[in-house]
$ cat run-v5.txt   # compact mmCIF, C-alpha atoms and all ligand atoms
# COMPACT_ATOMS: atom_id res chain seq x y z
CA MET X 1 -2.98 17.11 -9.74
CA GLU X 2 -0.49 19.91 -9.05
CA ILE X 3 2.51 19.78 -11.39
CA CYS X 4 5.65 21.26 -9.86
CA THR X 5 8.90 21.71 -11.77
CA THR X 6 10.77 23.61 -9.05
CA LYS X 7 11.83 22.74 -5.52
CA ALA X 8 10.17 25.92 -4.28
CA ALA X 9 6.80 24.95 -5.80
CA ILE X 10 6.73 21.39 -4.40
CA ARG X 11 7.90 22.67 -1.00
CA ALA X 12 5.11 25.25 -0.93
CA GLN X 13 2.56 22.55 -1.79
CA ARG X 14 3.98 20.25 0.87
CA GLN X 15 3.88 23.07 3.43
CA ASP X 16 0.18 23.67 2.69
CA TRP X 17 -0.49 20.01 3.40
CA ARG X 18 1.64 20.12 6.56
CA ASN X 19 -0.40 23.09 7.76
CA GLN X 20 -3.54 21.03 7.15
CA GLY X 21 -2.07 18.17 9.21
CA ARG X 22 -1.99 15.79 6.22
CA ARG X 23 0.32 12.78 5.88
CA VAL X 24 2.37 12.86 2.67
CA VAL X 25 3.64 9.72 0.91
CA LEU X 26 6.19 9.92 -1.91
CA VAL X 27 6.59 7.63 -4.94
CA PRO X 28 9.98 8.36 -6.57
CA THR X 29 10.33 7.20 -10.21
CA MET X 30 12.36 7.76 -13.33
CA GLY X 31 9.20 7.86 -15.47
CA TYR X 32 8.07 5.79 -18.47
CA LEU X 33 5.51 4.40 -16.12
CA HIS X 34 4.02 0.91 -16.08
CA GLU X 35 1.76 -1.12 -13.84
CA GLY X 36 4.64 -1.66 -11.34
CA HIS X 37 4.78 2.09 -10.72
CA MET X 38 0.97 2.20 -10.45
CA SER X 39 1.16 -0.47 -7.77
CA LEU X 40 3.54 1.83 -5.82
CA VAL X 41 0.98 4.63 -6.22
CA ARG X 42 -1.78 2.38 -4.84
CA ALA X 43 0.44 1.38 -1.89
CA ALA X 44 1.18 5.06 -1.26
CA ARG X 45 -2.52 5.93 -1.38
CA ALA X 46 -3.33 3.15 1.09
CA ASN X 47 -0.54 4.27 3.43
CA ALA X 48 -1.51 7.94 3.21
CA GLY X 49 -5.10 7.20 4.21
CA PRO X 50 -8.19 9.09 3.08
CA GLU X 51 -6.97 12.47 4.40
CA GLY X 52 -3.36 12.03 3.24
CA ARG X 53 -1.71 13.13 0.01
CA VAL X 54 0.42 11.25 -2.55
CA ILE X 55 3.29 12.93 -4.38
CA ALA X 56 5.05 11.20 -7.31
CA SER X 57 8.36 12.34 -8.73
CA ILE X 58 9.74 11.76 -12.21
CA PHE X 59 13.44 12.41 -12.54
CA VAL X 60 15.93 10.50 -14.68
CA ASN X 61 18.82 10.97 -12.29
CA PRO X 62 22.10 11.35 -14.23
CA THR X 63 24.33 10.62 -11.24
CA GLN X 64 23.19 7.00 -11.01
CA PHE X 65 24.18 6.21 -14.60
CA GLY X 66 27.76 5.23 -15.47
CA ALA X 67 29.55 6.91 -18.39
CA ASN X 68 28.82 3.99 -20.72
CA GLU X 69 25.27 3.36 -19.54
CA ASP X 70 21.93 4.23 -21.09
CA LEU X 71 21.16 7.73 -19.73
CA SER X 72 20.70 9.24 -23.20
CA THR X 73 18.47 6.39 -24.42
CA TYR X 74 16.49 5.91 -21.19
CA PRO X 75 12.82 5.77 -22.32
CA ARG X 76 10.78 8.92 -21.62
CA ASP X 77 7.16 9.97 -22.14
CA PRO X 78 6.28 12.73 -19.66
CA GLU X 79 2.86 13.50 -21.21
CA ARG X 80 1.67 9.91 -20.96
CA ASP X 81 3.17 9.58 -17.45
CA THR X 82 1.40 12.74 -16.28
CA ALA X 83 -1.95 11.47 -17.55
CA MET X 84 -1.41 8.07 -15.86
CA LEU X 85 -0.58 9.68 -12.51
CA ARG X 86 -3.53 12.06 -12.75
CA ASP X 87 -5.88 9.16 -13.55
CA ALA X 88 -4.47 7.21 -10.59
CA GLY X 89 -5.41 10.06 -8.24
CA VAL X 90 -1.89 11.32 -7.44
CA ASP X 91 -2.16 14.73 -5.76
CA ALA X 92 1.10 16.32 -6.92
CA LEU X 93 3.88 15.54 -9.40
CA PHE X 94 7.44 16.80 -8.96
CA ILE X 95 9.10 16.75 -12.38
CA PRO X 96 12.22 18.91 -12.31
CA GLU X 97 15.01 19.46 -14.84
CA VAL X 98 18.52 18.28 -13.91
CA SER X 99 19.65 21.90 -13.40
CA GLU X 100 16.88 22.40 -10.83
CA VAL X 101 17.99 19.38 -8.81
CA TYR X 102 21.79 19.68 -8.83
CA ALA X 103 23.85 22.81 -8.22
CA PRO X 104 26.56 23.02 -10.94
CA ASN X 105 29.27 22.71 -8.28
CA ALA X 106 27.51 20.05 -6.18
CA GLN X 107 30.09 18.09 -4.20
CA THR X 108 28.20 16.26 -1.44
CA ILE X 109 27.28 12.61 -1.81
CA VAL X 110 25.51 9.97 0.27
CA ASP X 111 26.91 6.45 0.08
CA THR X 112 26.37 3.14 1.87
CA SER X 113 30.00 2.13 2.06
CA GLU X 114 29.57 -1.67 1.86
CA LEU X 115 26.13 -2.29 0.35
CA SER X 116 26.75 -0.07 -2.65
CA ARG X 117 29.86 -2.01 -3.67
CA ILE X 118 28.45 -5.54 -3.91
CA LEU X 119 26.19 -7.27 -6.47
CA ILE X 120 24.73 -4.64 -8.86
CA GLY X 121 27.16 -2.14 -7.32
CA LYS X 122 29.99 -4.17 -8.89
CA LEU X 123 28.30 -4.20 -12.30
CA ARG X 124 27.37 -0.51 -12.06
CA PRO X 125 30.10 1.23 -10.02
CA GLY X 126 28.79 4.47 -8.51
CA HIS X 127 25.15 3.57 -9.22
CA PHE X 128 23.96 3.28 -5.62
CA ARG X 129 25.86 6.39 -4.56
CA GLY X 130 23.81 8.27 -7.17
CA VAL X 131 20.59 6.61 -5.98
CA ALA X 132 21.29 7.28 -2.27
CA THR X 133 22.21 10.90 -2.98
CA VAL X 134 19.15 11.69 -5.11
CA VAL X 135 16.76 9.87 -2.77
CA THR X 136 18.19 11.86 0.16
CA LYS X 137 17.65 15.04 -1.84
CA LEU X 138 14.05 14.04 -2.70
CA PHE X 139 13.42 13.27 0.98
CA ASN X 140 14.87 16.66 1.99
CA ILE X 141 12.97 18.58 -0.70
CA ILE X 142 9.59 16.91 -0.12
CA GLN X 143 9.92 15.73 3.50
CA PRO X 144 7.38 12.92 3.12
CA GLU X 145 6.27 10.85 6.10
CA ALA X 146 6.73 7.70 3.98
CA ALA X 147 8.02 6.65 0.56
CA CYS X 148 7.33 3.57 -1.59
CA PHE X 149 9.96 1.57 -3.50
CA GLY X 150 9.68 -1.64 -5.52
CA GLU X 151 11.07 -4.95 -4.31
CA LYS X 152 12.16 -5.58 -7.92
CA ASP X 153 15.12 -3.31 -7.15
CA TYR X 154 15.93 -5.38 -4.06
CA GLN X 155 19.41 -4.03 -3.43
CA GLN X 156 18.22 -0.47 -3.99
CA LEU X 157 15.58 -1.00 -1.31
CA ALA X 158 18.27 -2.36 1.05
CA VAL X 159 20.49 0.66 0.34
CA ILE X 160 17.63 3.07 1.06
CA ARG X 161 16.58 1.29 4.26
CA THR X 162 20.21 1.30 5.47
CA MET X 163 20.73 4.96 4.62
CA VAL X 164 17.48 5.96 6.39
CA ARG X 165 18.55 4.00 9.48
CA ASP X 166 22.15 5.25 9.51
CA LEU X 167 21.31 8.91 8.94
CA ASP X 168 18.14 8.95 11.13
CA ILE X 169 16.03 10.14 8.23
CA PRO X 170 12.43 10.37 9.47
CA VAL X 171 10.80 8.61 6.51
CA ASP X 172 9.02 5.23 6.64
CA VAL X 173 10.33 3.11 3.77
CA ILE X 174 7.64 0.87 2.26
CA GLY X 175 8.62 -2.06 0.02
CA VAL X 176 6.09 -3.06 -2.66
CA PRO X 177 5.96 -6.52 -4.33
CA THR X 178 7.10 -6.90 -7.94
CA VAL X 179 4.39 -6.66 -10.62
CA ARG X 180 4.87 -9.06 -13.53
CA GLU X 181 3.69 -9.45 -17.11
CA ALA X 182 1.37 -12.40 -17.82
CA ASP X 183 4.39 -14.55 -18.80
CA GLY X 184 6.23 -13.76 -15.56
CA LEU X 185 8.68 -11.10 -16.78
CA ALA X 186 9.07 -8.40 -14.11
CA MET X 187 7.75 -5.10 -15.44
CA SER X 188 10.51 -2.60 -16.13
CA SER X 189 10.75 0.59 -18.15
CA ARG X 190 13.66 -0.93 -20.02
CA ASN X 191 11.60 -3.94 -21.28
CA ILE X 192 10.49 -1.76 -24.19
CA ARG X 193 14.06 -1.84 -25.51
CA LEU X 194 14.20 -5.66 -25.74
CA THR X 195 14.14 -7.04 -29.29
CA PRO X 196 11.15 -9.34 -29.96
CA ALA X 197 13.42 -12.40 -29.69
CA ASP X 198 14.93 -11.18 -26.40
CA ARG X 199 11.49 -10.30 -25.06
CA ALA X 200 10.36 -13.86 -25.84
CA ALA X 201 13.40 -15.30 -24.03
CA ALA X 202 13.38 -12.99 -20.99
CA PRO X 203 10.74 -14.89 -18.93
CA VAL X 204 13.53 -17.43 -18.27
CA LEU X 205 14.46 -15.25 -15.27
CA ASN X 206 11.11 -15.80 -13.58
CA ALA X 207 11.13 -19.49 -14.53
CA ALA X 208 14.57 -19.94 -12.94
CA LEU X 209 13.46 -18.09 -9.78
CA THR X 210 10.39 -20.31 -9.48
CA GLU X 211 12.52 -23.46 -9.82
CA ALA X 212 14.84 -22.11 -7.13
CA GLU X 213 11.88 -21.62 -4.80
CA ALA X 214 10.96 -25.29 -5.20
CA LEU X 215 14.57 -26.39 -4.57
CA ALA X 216 14.75 -24.23 -1.44
CA ALA X 217 11.55 -25.80 -0.11
CA GLU X 218 13.18 -29.27 -0.53
CA GLY X 219 16.18 -28.23 1.61
CA THR X 220 18.71 -27.74 -1.22
CA THR X 221 21.83 -25.77 -0.20
CA ALA X 222 22.41 -22.22 -1.43
CA SER X 223 25.37 -23.29 -3.63
CA ARG X 224 23.35 -26.00 -5.32
CA ILE X 225 20.42 -23.71 -5.95
CA ARG X 226 22.82 -21.17 -7.40
CA SER X 227 24.43 -23.76 -9.72
CA HIS X 228 21.02 -24.94 -10.91
CA VAL X 229 19.88 -21.40 -11.67
CA ARG X 230 23.14 -20.50 -13.39
CA ALA X 231 22.86 -23.58 -15.65
CA ARG X 232 19.20 -22.83 -16.39
CA LEU X 233 20.02 -19.27 -17.46
CA ASP X 234 23.14 -20.31 -19.39
CA GLY X 235 20.88 -22.70 -21.31
CA GLU X 236 19.14 -19.68 -22.83
CA ALA X 237 21.39 -18.63 -25.71
CA ARG X 238 20.15 -15.02 -25.73
CA ALA X 239 20.88 -14.50 -22.02
CA ASP X 240 24.24 -13.00 -21.09
CA VAL X 241 24.33 -13.84 -17.39
CA GLN X 242 26.02 -11.13 -15.33
CA SER X 243 25.40 -12.43 -11.82
CA VAL X 244 23.49 -15.05 -9.85
CA ASP X 245 23.74 -14.65 -6.08
CA ILE X 246 22.08 -16.05 -2.99
CA ARG X 247 22.28 -13.77 0.02
CA ASP X 248 20.73 -13.38 3.43
CA ALA X 249 17.43 -11.62 2.69
CA GLU X 250 18.01 -8.94 5.31
CA THR X 251 21.77 -8.29 5.42
CA LEU X 252 22.71 -9.43 1.88
CA ALA X 253 25.59 -11.43 3.41
CA ALA X 254 26.80 -14.26 1.11
CA LEU X 255 25.41 -17.78 1.72
CA SER X 256 26.48 -21.22 0.56
CA GLY X 257 25.07 -23.83 2.95
CA PRO X 258 21.56 -24.96 3.89
CA LEU X 259 19.04 -22.13 4.16
CA ALA X 260 18.27 -21.50 7.83
CA ALA X 261 16.63 -18.10 7.42
CA PRO X 262 14.98 -16.26 4.51
CA ALA X 263 17.44 -15.83 1.64
CA VAL X 264 17.18 -13.84 -1.55
CA LEU X 265 18.20 -15.02 -4.99
CA LEU X 266 19.30 -12.07 -7.10
CA LEU X 267 19.70 -12.19 -10.89
CA ALA X 268 21.26 -9.72 -13.32
CA VAL X 269 21.11 -10.80 -16.96
CA ARG X 270 21.81 -8.89 -20.13
CA PHE X 271 19.72 -9.36 -23.26
CA GLY X 272 21.46 -7.40 -26.00
CA THR X 273 22.17 -4.00 -24.45
CA VAL X 274 19.41 -4.27 -21.83
CA LEU X 275 20.32 -5.24 -18.27
CA LEU X 276 17.39 -7.00 -16.57
CA ILE X 277 17.28 -7.70 -12.85
CA ASP X 278 14.93 -9.86 -10.83
CA ASN X 279 14.90 -11.61 -7.48
CA ARG X 280 12.94 -13.97 -5.27
CA VAL X 281 12.95 -14.36 -1.50
CA LEU X 282 13.48 -18.05 -0.72
CA ALA X 283 11.92 -19.37 2.45
CA PRO X 284 14.00 -21.96 4.33
CA PRO X 285 12.47 -25.45 4.37
CA PRO X 286 10.02 -26.04 7.25
CA HIS X 287 11.81 -26.87 10.54
CA SER X 288 15.21 -26.09 8.97
CA LYS X 289 16.45 -24.43 12.16
CA GLU X 290 15.56 -27.36 14.40
CA GLU X 291 16.99 -29.99 12.03
CA SER X 292 20.26 -28.32 11.07
CA PRO X 293 23.23 -29.48 13.18
N1 LIG C 301 7.68 -4.47 -11.78
C1 LIG C 301 7.71 -3.65 -10.74
N2 LIG C 301 6.93 -3.89 -9.68
C2 LIG C 301 6.95 -3.07 -8.59
N3 LIG C 301 7.73 -1.97 -8.51
C3 LIG C 301 8.51 -1.68 -9.55
C4 LIG C 301 8.55 -2.50 -10.72
N4 LIG C 301 9.44 -1.97 -11.58
C5 LIG C 301 9.94 -0.87 -10.99
N5 LIG C 301 9.39 -0.70 -9.77
C6 LIG C 301 9.73 0.35 -8.81
O1 LIG C 301 9.37 1.61 -9.33
C7 LIG C 301 10.24 2.59 -8.80
C8 LIG C 301 10.75 3.41 -9.92
O2 LIG C 301 11.57 2.60 -10.73
P1 LIG C 301 12.05 3.00 -12.18
O3 LIG C 301 11.37 4.26 -12.59
O4 LIG C 301 13.51 2.91 -12.28
O5 LIG C 301 11.37 1.88 -13.04
P2 LIG C 301 11.93 0.56 -13.60
O6 LIG C 301 10.86 -0.07 -14.38
O7 LIG C 301 12.60 -0.17 -12.48
O8 LIG C 301 12.98 1.06 -14.61
P3 LIG C 301 14.33 0.41 -15.00
O9 LIG C 301 14.09 -0.16 -16.33
O10 LIG C 301 15.19 1.64 -14.93
O11 LIG C 301 14.73 -0.61 -13.98
C9 LIG C 301 11.35 1.85 -8.05
O12 LIG C 301 11.06 1.87 -6.67
C10 LIG C 301 11.23 0.46 -8.61
O13 LIG C 301 11.68 -0.55 -7.73
C1 LIG C 302 14.73 5.49 -6.66
C2 LIG C 302 15.01 6.19 -7.98
C3 LIG C 302 13.78 7.03 -8.39
C4 LIG C 302 16.17 7.18 -7.73
O1 LIG C 302 16.51 7.84 -8.90
C5 LIG C 302 15.39 5.21 -9.08
O2 LIG C 302 16.58 4.55 -8.77
C6 LIG C 302 14.30 4.26 -9.44
O3 LIG C 302 13.43 4.68 -10.19
O4 LIG C 302 14.31 3.10 -8.97
N1 LIG C 303 15.17 1.15 -11.02
C1 LIG C 303 16.59 1.38 -10.94
C2 LIG C 303 17.00 2.58 -11.69
C3 LIG C 303 18.16 2.35 -12.59
O1 LIG C 303 18.28 1.27 -13.16
O2 LIG C 303 19.00 3.25 -12.74

$ encode --input "run-v5.txt" --output "structure tokens" --more "lines below"
Ligand SMILES: Nc1ncnc2c1ncn2[C@@H]1O[C@H](COP(=O)(O)OP(=O)(O)OP(=O)(O)O)[C@@H](O)[C@H]1O
Ligand SMILES: CC(C)(CO)[C@@H](O)C(=O)[O-]
Ligand code: BAL
Amino acid sequence: MEICTTKAAIRAQRQDWRNQGRRVVLVPTMGYLHEGHMSLVRAARANAGPEGRVIASIFVNPTQFGANEDLSTYPRDPERDTAMLRDAGVDALFIPEVSEVYAPNAQTIVDTSELSRILIGKLRPGHFRGVATVVTKLFNIIQPEAACFGEKDYQQLAVIRTMVRDLDIPVDVIGVPTVREADGLAMSSRNIRLTPADRAAAPVLNAALTEAEALAAEGTTASRIRSHVRARLDGEARADVQSVDIRDAETLAALSGPLAAPAVLLLAVRFGTVLLIDNRVLAPPPHSKEESP
């Protein structure tokens, strides 16, 4: 595995592969890798094909963290991450310093004007602007044919798909299903910072999502599903519920009535200082379109 810490080095590597006619698939991460990231690597490998190449990036992007967020305590272990990526057969790793990525007087941003201001964008103002800007930069630096992102960060995936569409960025965006711990908790780098008691309580998110799926299948309205889930999460004393939303799965438009098309239930819940997110796509009940007035 080639390890590149500069834009020039990863560009030169990419150019070699372009000259050889190879497809390149990117897996952008912030490091402290877990099985969810490895699943993105496997999806990238499958998409690249036997002749293609997979590039992973590790960059804890400061511009997507708010002033009072956890940039300084974000978990890091570059040696372990490098070994995991090498073992997984990644062909190159881009692992730059902040000063390599951002010019000191950088002033250009990429923003999805509506999507970045709803849901998590309300809880973390400026977050998606930072994500959209750094992902655009990674796309421009590496120029991959495709890039893989986790469905766990559902709104992030929607922001990236929208940005790629709106700016005609020639990258295929591939969404990868959420990988979970045995007890249902979505894997996340931040799980390591949960106290043992919070870690034991956190699977309530997955339990609530699973109950919501069953309610959706019975034809329950979006508002009722939302109320049920809110009460379920509020019943867990350690959970500080930040938001429970049901949205159209594609547009993220708000919903309240019967589900007539796929919807997504999005959760953001704090345990101590750790903000956990999770989501589930809810299928409408069978024949809902035909039966609804
Ligand atoms: N459990 C998971 N299953 C599948 N993909 C995941 C999972 N967790 C994260 N990803 C994806 O991995 C990529 C890198 O995410 P990141 O490095 O921020 O990890 P993370 O575990 O989401 O960390 P955080 O604690 O910051 O949310 C993103 O596309 C993200 O959606
Ligand atoms: C996409 C990303 C690598 C941009 O910094 C980050 O938001 C993440 O890890 O999900
Ligand atoms: N996976 C999203 C990155 C963040 O929380 O900043």

$ residues_around --input "run-v5.txt" --residues "region 189-206 of chain X" --least-positions-apart "2" --cutoff "9 Å" --atoms "only C-alpha atoms" --output "PDB file with C-alpha atoms, keeping the file's coordinate frame"
ATOM      1  CA  MET X  30      12.360   7.760 -13.330  1.00  0.00           C
ATOM      2  CA  GLY X  31       9.200   7.860 -15.470  1.00  0.00           C
ATOM      3  CA  TYR X  32       8.070   5.790 -18.470  1.00  0.00           C
ATOM      4  CA  LEU X  33       5.510   4.400 -16.120  1.00  0.00           C
ATOM      5  CA  HIS X  34       4.020   0.910 -16.080  1.00  0.00           C
ATOM      6  CA  TYR X  74      16.490   5.910 -21.190  1.00  0.00           C
ATOM      7  CA  PRO X  75      12.820   5.770 -22.320  1.00  0.00           C
ATOM      8  CA  ASP X 183       4.390 -14.550 -18.800  1.00  0.00           C
ATOM      9  CA  GLY X 184       6.230 -13.760 -15.560  1.00  0.00           C
ATOM     10  CA  LEU X 185       8.680 -11.100 -16.780  1.00  0.00           C
ATOM     11  CA  ALA X 186       9.070  -8.400 -14.110  1.00  0.00           C
ATOM     12  CA  MET X 187       7.750  -5.100 -15.440  1.00  0.00           C
ATOM     13  CA  ALA X 208      14.570 -19.940 -12.940  1.00  0.00           C
ATOM     14  CA  LEU X 209      13.460 -18.090  -9.780  1.00  0.00           C
ATOM     15  CA  THR X 210      10.390 -20.310  -9.480  1.00  0.00           C
ATOM     16  CA  GLU X 211      12.520 -23.460  -9.820  1.00  0.00           C
ATOM     17  CA  VAL X 229      19.880 -21.400 -11.670  1.00  0.00           C
ATOM     18  CA  ARG X 232      19.200 -22.830 -16.390  1.00  0.00           C
ATOM     19  CA  LEU X 233      20.020 -19.270 -17.460  1.00  0.00           C
ATOM     20  CA  GLU X 236      19.140 -19.680 -22.830  1.00  0.00           C
ATOM     21  CA  ALA X 237      21.390 -18.630 -25.710  1.00  0.00           C
ATOM     22  CA  ARG X 238      20.150 -15.020 -25.730  1.00  0.00           C
ATOM     23  CA  ALA X 239      20.880 -14.500 -22.020  1.00  0.00           C
ATOM     24  CA  LEU X 267      19.700 -12.190 -10.890  1.00  0.00           C
ATOM     25  CA  ALA X 268      21.260  -9.720 -13.320  1.00  0.00           C
ATOM     26  CA  VAL X 269      21.110 -10.800 -16.960  1.00  0.00           C
ATOM     27  CA  PHE X 271      19.720  -9.360 -23.260  1.00  0.00           C
ATOM     28  CA  GLY X 272      21.460  -7.400 -26.000  1.00  0.00           C
ATOM     29  CA  THR X 273      22.170  -4.000 -24.450  1.00  0.00           C
ATOM     30  CA  VAL X 274      19.410  -4.270 -21.830  1.00  0.00           C
ATOM     31  CA  LEU X 275      20.320  -5.240 -18.270  1.00  0.00           C
ATOM     32  CA  LEU X 276      17.390  -7.000 -16.570  1.00  0.00           C
ATOM     33  CA  ILE X 277      17.280  -7.700 -12.850  1.00  0.00           C
ATOM     34  CA  ASP X 278      14.930  -9.860 -10.830  1.00  0.00           C
ATOM     35  CA  ASN X 279      14.900 -11.610  -7.480  1.00  0.00           C
ATOM     36  CA  ARG X 280      12.940 -13.970  -5.270  1.00  0.00           C
TER      37      ARG X 280
END

$ atom_distance --input "run-v5.txt" --atom1 "CA of Val135 (chain X)" --atom2 "CA of Thr5 (chain X)"
16.8 Å

$ atom_distance --input "run-v5.txt" --atom1 "CA of Val264 (chain X)" --atom2 "CA of Glu114 (chain X)"
17.7 Å

$ residues_near_ligand --input "run-v5.txt" --ligand "ligand LIG 302 (chain C)" --cutoff "10 Å" --atoms "all atoms listed in the file" --output "count of residues only"
42

$ closest_residue --input "run-v5.txt" --among "X:Asp16, X:Glu145, X:Glu69, X:Glu2" --to "ligand LIG 303 (chain C)" --atoms "all atoms listed in the file"
X:Glu69

$ closest_residue --input "run-v5.txt" --among "X:Leu71, X:Leu26, X:Val176, X:Ile120" --to "Ala48 (chain X)" --atoms "all atoms listed in the file"
X:Leu26

$ atom_distance --input "run-v5.txt" --atom1 "atom N1 of ligand LIG 301 (chain C)" --atom2 "CA of Lys7 (chain X)"
28.2 Å

$ closest_residue --input "run-v5.txt" --among "X:Ala249, X:Leu85, X:Gly257, X:Tyr102" --to "Gly219 (chain X)" --atoms "all atoms listed in the file"
X:Gly257

$ closest_residue --input "run-v5.txt" --among "X:Ile109, X:Val54, X:Met163, X:Ala46" --to "Trp17 (chain X)" --atoms "all atoms listed in the file"
X:Val54

$ residues_around --input "run-v5.txt" --residues "Arg226 (chain X)" --least-positions-apart "6" --cutoff "8 Å" --atoms "only C-alpha atoms" --output "PyMOL selection string"
chain X and resi 244-246

$ write_last_selection --input "run-v5.txt" --atoms "C-alpha atoms" --output "PDB file, in the frame of the given file"
ATOM      1  CA  VAL X 244      23.490 -15.050  -9.850  1.00  0.00           C
ATOM      2  CA  ASP X 245      23.740 -14.650  -6.080  1.00  0.00           C
ATOM      3  CA  ILE X 246      22.080 -16.050  -2.990  1.00  0.00           C
TER       4      ILE X 246
END

$ axis_aligned_box --input "run-v5.txt" --around "ligand LIG 301 (chain C)" --padding-each-side "4 Å" --output "AutoDock Vina command-line options"
--center_x 11.1 --center_y -0.1 --center_z -11.5 --size_x 16.3 --size_y 16.7 --size_z 17.7

$ residues_near_point --input "run-v5.txt" --point "(4.0, 5.9, 7.9)" --cutoff "7 Å" --atoms "all atoms listed in the file" --output "PyMOL selection string"
chain X and resi 47+145-146+172

$ residues_near_point --input "run-v5.txt" --point "(0.3, 19.5, -9.7)" --cutoff "6 Å" --atoms "only C-alpha atoms" --output "list in words"
Met1, Glu2, Ile3, Cys4, Ala92 and Leu93 of chain X

$ closest_residue --input "run-v5.txt" --among "X:Thr221, X:Asn19, X:Thr178, X:Thr162" --to "ligand LIG 303 (chain C)" --atoms "all atoms listed in the file"
X:Thr178

$ closest_residue --input "run-v5.txt" --among "X:Arg80, X:Arg11, X:Arg224, X:Arg270" --to "Asn140 (chain X)" --atoms "all atoms listed in the file"
X:Arg11

$ residues_around --input "run-v5.txt" --residues "Arg53 (chain X)" --least-positions-apart "2" --cutoff "7 Å" --atoms "only C-alpha atoms" --output "PDB file with C-alpha atoms, in the coordinates of the input"
ATOM      1  CA  ARG X  22      -1.990  15.790   6.220  1.00  0.00           C
ATOM      2  CA  ARG X  23       0.320  12.780   5.880  1.00  0.00           C
ATOM      3  CA  VAL X  24       2.370  12.860   2.670  1.00  0.00           C
ATOM      4  CA  VAL X  25       3.640   9.720   0.910  1.00  0.00           C
ATOM      5  CA  ALA X  48      -1.510   7.940   3.210  1.00  0.00           C
ATOM      6  CA  GLU X  51      -6.970  12.470   4.400  1.00  0.00           C
ATOM      7  CA  ILE X  55       3.290  12.930  -4.380  1.00  0.00           C
ATOM      8  CA  ASP X  91      -2.160  14.730  -5.760  1.00  0.00           C
TER       9      ASP X  91
END

$ decode --input "run-v5.txt" --residues "region 197-210 of chain X" --atoms "N, CA and C atoms" --output "PDB file, in the first residue's frame"
ATOM      1  N   ALA X 197     -21.974   2.405  31.149  1.00  0.00           N
ATOM      2  CA  ALA X 197     -23.433   2.459  31.339  1.00  0.00           C
ATOM      3  C   ALA X 197     -24.116   3.008  30.083  1.00  0.00           C
ATOM      4  N   ASP X 198     -23.518   4.018  29.452  1.00  0.00           N
ATOM      5  CA  ASP X 198     -24.105   4.569  28.222  1.00  0.00           C
ATOM      6  C   ASP X 198     -24.002   3.553  27.086  1.00  0.00           C
ATOM      7  N   ARG X 199     -22.880   2.849  27.037  1.00  0.00           N
ATOM      8  CA  ARG X 199     -22.721   1.825  25.989  1.00  0.00           C
ATOM      9  C   ARG X 199     -23.806   0.755  26.131  1.00  0.00           C
ATOM     10  N   ALA X 200     -24.120   0.404  27.392  1.00  0.00           N
ATOM     11  CA  ALA X 200     -25.147  -0.624  27.625  1.00  0.00           C
ATOM     12  C   ALA X 200     -26.533  -0.110  27.227  1.00  0.00           C
ATOM     13  N   ALA X 201     -26.748   1.195  27.357  1.00  0.00           N
ATOM     14  CA  ALA X 201     -28.072   1.767  27.050  1.00  0.00           C
ATOM     15  C   ALA X 201     -28.250   2.092  25.566  1.00  0.00           C
ATOM     16  N   ALA X 202     -27.141   2.320  24.858  1.00  0.00           N
ATOM     17  CA  ALA X 202     -27.205   2.858  23.489  1.00  0.00           C
ATOM     18  C   ALA X 202     -27.948   1.981  22.467  1.00  0.00           C
ATOM     19  N   PRO X 203     -28.009   0.645  22.638  1.00  0.00           N
ATOM     20  CA  PRO X 203     -28.770  -0.147  21.656  1.00  0.00           C
ATOM     21  C   PRO X 203     -30.257   0.212  21.598  1.00  0.00           C
ATOM     22  N   VAL X 204     -30.726   1.076  22.504  1.00  0.00           N
ATOM     23  CA  VAL X 204     -32.127   1.517  22.445  1.00  0.00           C
ATOM     24  C   VAL X 204     -32.419   2.196  21.098  1.00  0.00           C
ATOM     25  N   LEU X 205     -31.422   2.787  20.468  1.00  0.00           N
ATOM     26  CA  LEU X 205     -31.665   3.428  19.161  1.00  0.00           C
ATOM     27  C   LEU X 205     -32.115   2.390  18.142  1.00  0.00           C
ATOM     28  N   ASN X 206     -31.347   1.298  18.052  1.00  0.00           N
ATOM     29  CA  ASN X 206     -31.685   0.256  17.084  1.00  0.00           C
ATOM     30  C   ASN X 206     -33.024  -0.392  17.438  1.00  0.00           C
ATOM     31  N   ALA X 207     -33.267  -0.575  18.737  1.00  0.00           N
ATOM     32  CA  ALA X 207     -34.536  -1.189  19.153  1.00  0.00           C
ATOM     33  C   ALA X 207     -35.705  -0.300  18.722  1.00  0.00           C
ATOM     34  N   ALA X 208     -35.570   1.004  18.920  1.00  0.00           N
ATOM     35  CA  ALA X 208     -36.648   1.932  18.539  1.00  0.00           C
ATOM     36  C   ALA X 208     -36.848   1.929  17.020  1.00  0.00           C
ATOM     37  N   LEU X 209     -35.764   1.861  16.268  1.00  0.00           N
ATOM     38  CA  LEU X 209     -35.869   1.841  14.803  1.00  0.00           C
ATOM     39  C   LEU X 209     -36.589   0.577  14.338  1.00  0.00           C
ATOM     40  N   THR X 210     -36.291  -0.538  14.997  1.00  0.00           N
ATOM     41  CA  THR X 210     -36.912  -1.806  14.604  1.00  0.00           C
ATOM     42  C   THR X 210     -38.413  -1.781  14.909  1.00  0.00           C
TER      43      THR X 210
END
